[in-house]
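Coordinates as given in input12.txt (compact mmCIF, C-alpha atoms):
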```
# COMPACT_ATOMS: atom_id res chain seq x y z
CA MET A 992 1.38 16.11 -4.20
CA THR A 993 -0.03 14.92 -7.43
CA VAL A 994 -3.27 16.74 -8.18
CA ARG A 995 -5.78 14.67 -10.11
CA THR A 996 -8.99 15.93 -11.60
CA THR A 997 -10.29 12.40 -11.90
CA ALA A 998 -9.83 9.61 -9.39
CA PRO A 999 -8.18 11.98 -6.92
CA ARG A 1000 -5.65 10.71 -4.44
CA ALA A 1001 -6.26 11.39 -0.80
CA THR A 1002 -2.67 11.17 0.33
CA SER A 1003 -2.14 14.92 0.50
CA SER A 1004 -5.29 15.50 2.36
CA ALA A 1005 -5.60 17.99 4.85
CA PRO A 1006 -4.72 17.93 8.29
CA ALA A 1007 -1.78 15.60 8.82
CA THR A 1008 -1.23 14.97 12.48
CA SER A 1009 1.38 17.11 14.13
CA ALA A 1010 4.60 15.81 15.44
CA THR A 1011 6.04 17.78 17.12
CA ALA A 1012 28.14 46.74 -6.91
CA PRO A 1013 27.31 50.16 -7.28
CA ARG A 1014 26.41 51.02 -10.84
CA THR A 1015 29.07 53.13 -12.51
CA ASN A 1016 27.18 54.01 -15.67
CA ALA A 1017 23.46 54.40 -15.29
CA VAL A 1018 22.82 55.95 -18.69
CA ALA A 1019 24.50 53.55 -21.10
CA PRO A 1020 22.72 50.38 -19.89
CA ARG A 1021 19.32 52.01 -20.32
CA ALA A 1022 20.17 53.15 -23.82
CA ALA A 1023 21.44 49.69 -24.72
CA ALA A 1024 18.33 48.03 -23.38
CA ALA A 1025 16.11 50.28 -25.45
CA SER A 1026 18.06 49.60 -28.61
CA THR A 1027 17.88 45.81 -28.18
CA ALA A 1028 14.21 45.54 -27.27
CA VAL A 1029 12.67 42.41 -28.81
CA THR A 1030 9.18 42.71 -30.30
CA ALA A 1031 6.86 40.34 -32.13
CA PRO A 1032 6.73 40.59 -35.92
CA PRO A 1033 3.46 40.77 -37.87
CA ALA A 1034 1.64 37.49 -38.46
CA GLY A 1035 1.94 35.49 -41.65
CA LEU A 1036 5.18 33.53 -41.47
CA GLY A 1037 5.73 29.87 -42.18
CA LYS A 1038 8.27 27.23 -43.10
CA GLY A 1039 10.39 28.30 -46.07
CA ASP A 1040 10.01 32.04 -45.46
CA SER A 1041 13.06 34.21 -44.89
CA GLY A 1042 13.98 37.80 -44.17
CA THR A 1043 14.03 40.34 -41.37
CA LYS A 1044 10.60 39.40 -40.03
CA VAL A 1045 11.69 35.78 -39.58
CA ARG A 1046 14.81 37.02 -37.81
CA GLN A 1047 12.59 39.12 -35.53
CA LEU A 1048 10.46 36.05 -34.78
CA GLN A 1049 13.58 34.03 -33.97
CA GLN A 1050 14.85 36.73 -31.62
CA GLY A 1051 11.55 36.62 -29.75
CA LEU A 1052 11.69 32.82 -29.48
CA VAL A 1053 15.27 33.01 -28.20
CA LYS A 1054 14.30 35.57 -25.57
CA LEU A 1055 11.51 33.33 -24.31
CA GLY A 1056 13.68 30.20 -24.33
CA TYR A 1057 11.96 28.34 -27.15
CA LEU A 1058 14.95 28.59 -29.50
CA THR A 1059 18.63 28.63 -28.54
CA GLN A 1060 20.99 31.31 -29.76
CA ALA A 1061 23.06 28.60 -31.45
CA GLN A 1062 20.01 27.34 -33.35
CA MET A 1063 19.21 30.86 -34.48
CA ASN A 1064 22.81 31.51 -35.52
CA THR A 1065 22.77 28.51 -37.87
CA GLY A 1066 19.68 29.76 -39.67
CA VAL A 1067 19.31 33.48 -39.05
CA GLY A 1068 16.34 34.82 -40.98
CA SER A 1069 15.34 31.42 -42.36
CA PHE A 1070 12.14 29.73 -41.20
CA GLY A 1071 13.51 26.18 -41.06
CA PRO A 1072 12.78 23.05 -38.99
CA ALA A 1073 14.24 24.46 -35.76
CA THR A 1074 12.14 27.62 -35.97
CA GLU A 1075 9.04 25.62 -36.85
CA ALA A 1076 9.60 23.29 -33.87
CA ALA A 1077 10.06 26.29 -31.57
CA VAL A 1078 6.82 27.86 -32.84
CA LYS A 1079 4.97 24.59 -32.22
CA LYS A 1080 6.31 24.37 -28.69
CA PHE A 1081 5.29 27.97 -28.02
CA GLN A 1082 1.82 27.29 -29.46
CA GLY A 1083 1.37 24.22 -27.28
CA ASP A 1084 2.30 26.11 -24.14
CA HIS A 1085 -0.18 28.86 -25.02
CA LYS A 1086 -3.06 26.53 -25.93
CA ILE A 1087 -2.92 27.35 -29.65
CA ALA A 1088 -3.18 24.70 -32.37
CA THR A 1089 0.34 23.42 -32.96
CA THR A 1090 0.53 24.05 -36.69
CA GLY A 1091 4.00 25.58 -36.70
CA TYR A 1092 2.58 28.47 -38.73
CA TYR A 1093 3.01 31.94 -37.23
CA GLY A 1094 -0.51 33.23 -37.64
CA GLU A 1095 -2.66 35.87 -35.94
CA GLN A 1096 -3.25 33.97 -32.69
CA THR A 1097 0.40 33.06 -32.32
CA ALA A 1098 1.51 36.62 -33.08
CA ALA A 1099 -0.85 38.00 -30.42
CA ALA A 1100 0.39 35.47 -27.86
CA LEU A 1101 4.03 36.20 -28.68
CA LYS A 1102 3.47 39.94 -28.38
CA LYS A 1103 1.86 39.45 -24.97
CA ALA A 1104 4.62 37.11 -23.79
CA LEU A 1105 7.35 39.53 -24.85
CA THR A 1106 5.75 42.53 -23.18
CA LYS A 1107 4.95 40.67 -19.98
CA THR A 1108 7.75 41.26 -17.54
CA THR A 1109 8.47 39.62 -14.22
CA PRO A 1110 9.57 42.23 -11.69
CA PRO A 1111 13.37 41.95 -11.47
CA PRO A 1112 15.21 41.87 -8.16
CA THR A 1113 15.31 45.36 -6.70
CA GLU A 1114 19.07 44.94 -6.31
CA PRO A 1115 21.51 42.06 -6.76
CA GLY A 1116 20.45 39.17 -4.54
CA LYS A 1117 17.10 40.76 -3.64
CA PHE A 1118 13.73 39.56 -4.87
CA THR A 1119 10.33 41.23 -4.94
CA LYS A 1120 7.15 39.19 -4.81
CA PRO A 1121 6.02 38.43 -8.36
CA THR A 1122 2.53 39.23 -9.58
CA VAL A 1123 0.05 36.61 -8.41
CA ILE A 1124 -3.57 35.97 -9.32
CA SER A 1125 -5.87 35.40 -6.36
CA ALA A 1126 -7.83 32.12 -6.55
CA PRO A 1127 -8.77 31.31 -2.95
CA SER A 1128 -9.18 27.73 -1.80
CA PRO A 1129 -11.12 26.80 1.34
CA ASN A 1130 -8.73 23.92 1.99
CA SER A 1131 -6.51 25.36 4.70
CA ASP A 1132 -6.29 25.80 8.43
CA SER A 1133 -4.06 27.35 11.08
CA ARG A 1134 -0.30 26.88 11.30
CA ASN A 1135 -0.77 26.88 15.07
CA GLY A 1136 2.19 29.16 15.58
CA ALA A 1137 4.67 27.21 13.45
CA ASP A 1138 7.25 29.31 11.63
CA ILE A 1139 7.72 28.93 7.87
CA ASP A 1140 11.12 27.36 7.28
CA ALA A 1141 10.59 25.11 4.25
CA ILE A 1142 9.36 25.27 0.65
CA VAL A 1143 7.97 22.12 -0.98
CA LEU A 1144 7.65 21.76 -4.76
CA HIS A 1145 5.13 19.48 -6.47
CA HIS A 1146 3.93 18.60 -9.95
CA THR A 1147 0.17 18.47 -10.37
CA GLY A 1148 0.06 15.23 -12.36
CA THR A 1149 -1.70 16.75 -15.37
CA ASN A 1150 -1.04 19.46 -17.94
CA ASN A 1151 -4.48 20.97 -17.35
CA GLY A 1152 -3.97 23.98 -15.11
CA ALA A 1153 -7.64 24.95 -15.03
CA GLY A 1154 -8.65 21.47 -13.95
CA ASP A 1155 -5.89 21.25 -11.35
CA MET A 1156 -6.89 24.57 -9.84
CA ALA A 1157 -10.56 23.66 -9.77
CA TRP A 1158 -9.72 20.47 -7.87
CA MET A 1159 -7.61 22.29 -5.28
CA ARG A 1160 -10.44 24.80 -4.77
CA ASN A 1161 -13.02 22.06 -4.30
CA PRO A 1162 -13.78 21.57 -0.60
CA ASP A 1163 -14.37 17.86 -1.21
CA SER A 1164 -10.81 17.33 -2.46
CA LYS A 1165 -9.24 18.29 0.84
CA VAL A 1166 -6.05 19.22 -1.01
CA SER A 1167 -4.51 22.60 -1.78
CA ALA A 1168 -1.25 24.49 -2.08
CA HIS A 1169 -0.23 28.06 -1.45
CA TYR A 1170 0.67 28.66 -5.10
CA MET A 1171 0.12 27.05 -8.49
CA LEU A 1172 2.28 27.82 -11.55
CA ASP A 1173 0.50 27.24 -14.85
CA ARG A 1174 2.26 26.28 -18.08
CA ASP A 1175 2.38 29.91 -19.25
CA GLY A 1176 4.13 31.07 -16.07
CA LYS A 1177 1.08 32.67 -14.44
CA ILE A 1178 1.16 32.29 -10.66
CA TYR A 1179 -2.07 31.68 -8.76
CA GLN A 1180 -2.28 32.04 -4.99
CA LEU A 1181 -4.79 29.66 -3.48
CA VAL A 1182 -3.87 29.90 0.20
CA GLY A 1183 -2.32 32.83 2.04
CA ASP A 1184 1.19 32.34 3.33
CA THR A 1185 0.07 32.64 6.93
CA LYS A 1186 -2.27 29.67 6.56
CA ARG A 1187 -1.50 25.93 6.55
CA ALA A 1188 -2.24 24.52 3.07
CA TRP A 1189 -2.90 20.81 2.62
CA HIS A 1190 -0.25 19.73 0.16
CA ALA A 1191 2.27 17.42 1.81
CA GLY A 1192 0.36 14.88 3.89
CA LYS A 1193 2.31 12.66 6.25
CA GLY A 1194 5.96 13.60 6.13
CA GLU A 1195 9.34 14.26 7.60
CA LEU A 1196 12.11 16.78 7.02
CA HIS A 1197 15.66 15.49 6.79
CA GLY A 1198 14.55 12.24 8.37
CA VAL A 1199 12.76 13.81 11.34
CA PRO A 1200 8.97 13.25 11.49
CA THR A 1201 7.14 16.57 11.47
CA ASP A 1202 4.01 18.36 10.30
CA VAL A 1203 5.44 19.51 6.98
CA ASN A 1204 2.26 21.40 6.09
CA ALA A 1205 2.50 23.55 9.21
CA ARG A 1206 6.03 24.73 8.51
CA SER A 1207 6.15 24.97 4.73
CA ILE A 1208 4.96 26.83 1.64
CA GLY A 1209 3.59 24.43 -0.98
CA ILE A 1210 4.00 25.19 -4.70
CA GLU A 1211 2.25 23.14 -7.38
CA ILE A 1212 3.74 23.25 -10.90
CA VAL A 1213 1.40 22.23 -13.71
CA ASN A 1214 3.09 19.21 -15.31
CA ASP A 1215 1.96 15.64 -15.87
CA GLY A 1216 4.95 14.26 -13.96
CA SER A 1217 5.83 11.72 -16.65
CA GLY A 1218 9.42 12.92 -16.86
CA LYS A 1219 8.89 13.44 -20.60
CA THR A 1220 6.88 16.67 -20.53
CA ALA A 1221 9.25 19.61 -20.13
CA PHE A 1222 8.65 22.23 -17.48
CA THR A 1223 8.34 25.45 -19.49
CA ASP A 1224 10.80 28.30 -19.56
CA ALA A 1225 8.02 30.58 -18.32
CA GLN A 1226 7.51 28.28 -15.33
CA TYR A 1227 11.20 28.27 -14.43
CA LYS A 1228 11.37 32.07 -14.61
CA ALA A 1229 8.27 32.55 -12.47
CA LEU A 1230 9.33 29.83 -10.03
CA THR A 1231 12.78 31.38 -9.60
CA GLN A 1232 11.24 34.75 -8.74
CA LEU A 1233 8.66 33.22 -6.40
CA VAL A 1234 11.01 30.85 -4.56
CA GLY A 1235 13.70 33.54 -4.39
CA TYR A 1236 11.22 35.90 -2.77
CA LEU A 1237 9.87 33.28 -0.33
CA LYS A 1238 13.37 32.11 0.63
CA GLN A 1239 14.33 35.71 1.35
CA GLU A 1240 11.07 36.69 3.08
CA TYR A 1241 10.98 33.74 5.48
CA LYS A 1242 14.73 33.11 5.73
CA VAL A 1243 14.30 29.56 4.47
CA PRO A 1244 17.56 27.56 4.50
CA ALA A 1245 18.61 26.40 1.03
CA ASN A 1246 18.49 22.73 2.08
CA ASN A 1247 14.87 23.18 3.16
CA ILE A 1248 13.79 23.90 -0.44
CA VAL A 1249 12.76 20.39 -1.38
CA GLY A 1250 10.47 18.25 -3.47
CA HIS A 1251 7.46 16.33 -2.20
CA LYS A 1252 9.40 13.11 -2.78
CA ASP A 1253 12.00 14.33 -0.28
CA VAL A 1254 9.53 14.72 2.59
CA ALA A 1255 6.77 12.16 1.95
CA VAL A 1256 6.66 9.03 4.07
CA PRO A 1257 6.98 6.21 3.58
CA LYS A 1258 9.85 6.83 1.16
CA GLY A 1259 8.76 6.32 -2.43
CA ARG A 1260 5.17 7.40 -1.76
CA LYS A 1261 5.67 10.47 -3.95
CA ASP A 1262 7.93 11.24 -6.91
CA ASP A 1263 7.36 14.93 -7.52
CA PRO A 1264 8.59 17.11 -8.96
CA ALA A 1265 9.33 14.81 -11.90
CA ALA A 1266 12.82 13.53 -12.66
CA ASN A 1267 13.30 16.04 -15.50
CA PHE A 1268 12.80 19.04 -13.21
CA ASP A 1269 15.94 21.21 -13.40
CA TRP A 1270 16.90 21.73 -9.76
CA ALA A 1271 20.30 23.15 -10.79
CA ARG A 1272 18.62 25.94 -12.79
CA LEU A 1273 16.37 26.87 -9.87
CA ARG A 1274 19.14 26.82 -7.27
CA LYS A 1275 21.42 28.92 -9.49
CA GLY A 1276 18.61 31.40 -10.05
CA ILE A 1277 17.86 31.89 -6.36
CA GLY A 1278 21.52 31.93 -5.36
CA GLY A 1279 21.76 28.64 -3.53
```

Can the structure from this file be put into structure tokens for me?
Amino acid sequence: MTVRTTAPRATSSAPATSATAPRTNAVAPRAAAASTAVTAPPAGLGKGDSGTKVRQLQQGLVKLGYLTQAQMNTGVGSFGPATEAAVKKFQGDHKIATTGYYGEQTAAALKKALTKTTPPPTEPGKFTKPTVISAPSPNSDSRNGADIDAIVLHHTGTNNGAGDMAWMRNPDSKVSAHYMLDRDGKIYQLVGDTKRAWHAGKGELHGVPTDVNARSIGIEIVNDGSGKTAFTDAQYKALTQLVGYLKQEYKVPANNIVGHKDVAVPKGRKDDPAANFDWARLRKGIGG
């Protein structure tokens, strides 16, 4: 589904008709983790600066995926073009003016991002449900006994998470999804898993006509769908945890984790998630 806050599409409207290894050293890892904790440096850094505080900033940007380790290694402790570009990207994703200067607002956002943790798997191959923010939508109905055996991913069609969520919570839109992932990685739950959200419209699964809404969990990812706007590192991390949990909880087959474009009919009616969505990263993260 492509969510639109203006000139909304009706294609994803509601009720589509039904067709039928044990750890050997528990102490050392904890000590190592404590010694390598990454924290945000004080504000007041800009292009041309150098020193330990810049290095600390770079380490934080590497941890969050805004700077690669290779980029940092070529300019450790020097606030050069790569660091400036990474700061701008971070600022954009956190709705801060993209000046490239590491000021008070950026420092506060970085500190929050570095201290925010997604619950890790309880053990290798196991996922816990990530933290979600409740934002109920009235746009749902009964699954009528259908089991959940599919997960459908969408892009919203805009980069405005607040607007996208407002539209999916508007009864007049007749569209919704179970979850929405904003640009900063926050996960909002609009419809409970047991309910049928209105995200897929007329569809089929692996070529067989079916009520996709009745059997699937729908996840909207805030992205304009142009293929040029990157899905954020925070979104990939949150999505991996969420999809990993849902796959495990409902025993969803790996080949039933699909995009809207894979199930919408007629073929070509939908193109989400966008072509630059990294399916390989997601599938590696969830183990298949």

* May I have the residues within 12 Å of A:Lys1238 as an MDAnalysis selection string, using all atoms listed in the file and disregarding those fewer than 6 positions away in the same chain? => chainID A and resid 1116:1120 1139:1143 1207:1208 1230:1232 1244:1249 1274 1276:1279

* To do: Taking the point (-4.1, 31.1, -5.9) as given in the file, collect each protein or nucleic acid residue that comes within 10 Å of it, counting all atoms listed in the file, and present the set as an NGL selection string.
  => :A and (1123-1128 or 1156 or 1159-1160 or 1167-1172 or 1178-1183)

How about saving the chosen residues, C-alpha atoms kept, as a compact mmCIF listing (two decimals), in the coordinates of the input?
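Dumped to selection00.txt:
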```
# COMPACT_ATOMS: atom_id res chain seq x y z
CA VAL A 1123 0.05 36.61 -8.41
CA ILE A 1124 -3.57 35.97 -9.32
CA SER A 1125 -5.87 35.40 -6.36
CA ALA A 1126 -7.83 32.12 -6.55
CA PRO A 1127 -8.77 31.31 -2.95
CA SER A 1128 -9.18 27.73 -1.80
CA MET A 1156 -6.89 24.57 -9.84
CA MET A 1159 -7.61 22.29 -5.28
CA ARG A 1160 -10.44 24.80 -4.77
CA SER A 1167 -4.51 22.60 -1.78
CA ALA A 1168 -1.25 24.49 -2.08
CA HIS A 1169 -0.23 28.06 -1.45
CA TYR A 1170 0.67 28.66 -5.10
CA MET A 1171 0.12 27.05 -8.49
CA LEU A 1172 2.28 27.82 -11.55
CA ILE A 1178 1.16 32.29 -10.66
CA TYR A 1179 -2.07 31.68 -8.76
CA GLN A 1180 -2.28 32.04 -4.99
CA LEU A 1181 -4.79 29.66 -3.48
CA VAL A 1182 -3.87 29.90 0.20
CA GLY A 1183 -2.32 32.83 2.04
```

* To do: Quick one: pull the distance between atom CA of A:Glu1240 and atom CA of A:Lys1054, Å, one decimal.
  => 28.9 Å

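Between atom CA of A:Ala1031 and atom CA of A:Thr1074 lies a distance of 14.3 Å.
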
* To do: Determine the nearest neighbour of A:Arg1187 from the options A:Met1063, A:Val1045, A:Gly1209, A:Ser1133, counting only C-alpha atoms.
  => A:Ser1133
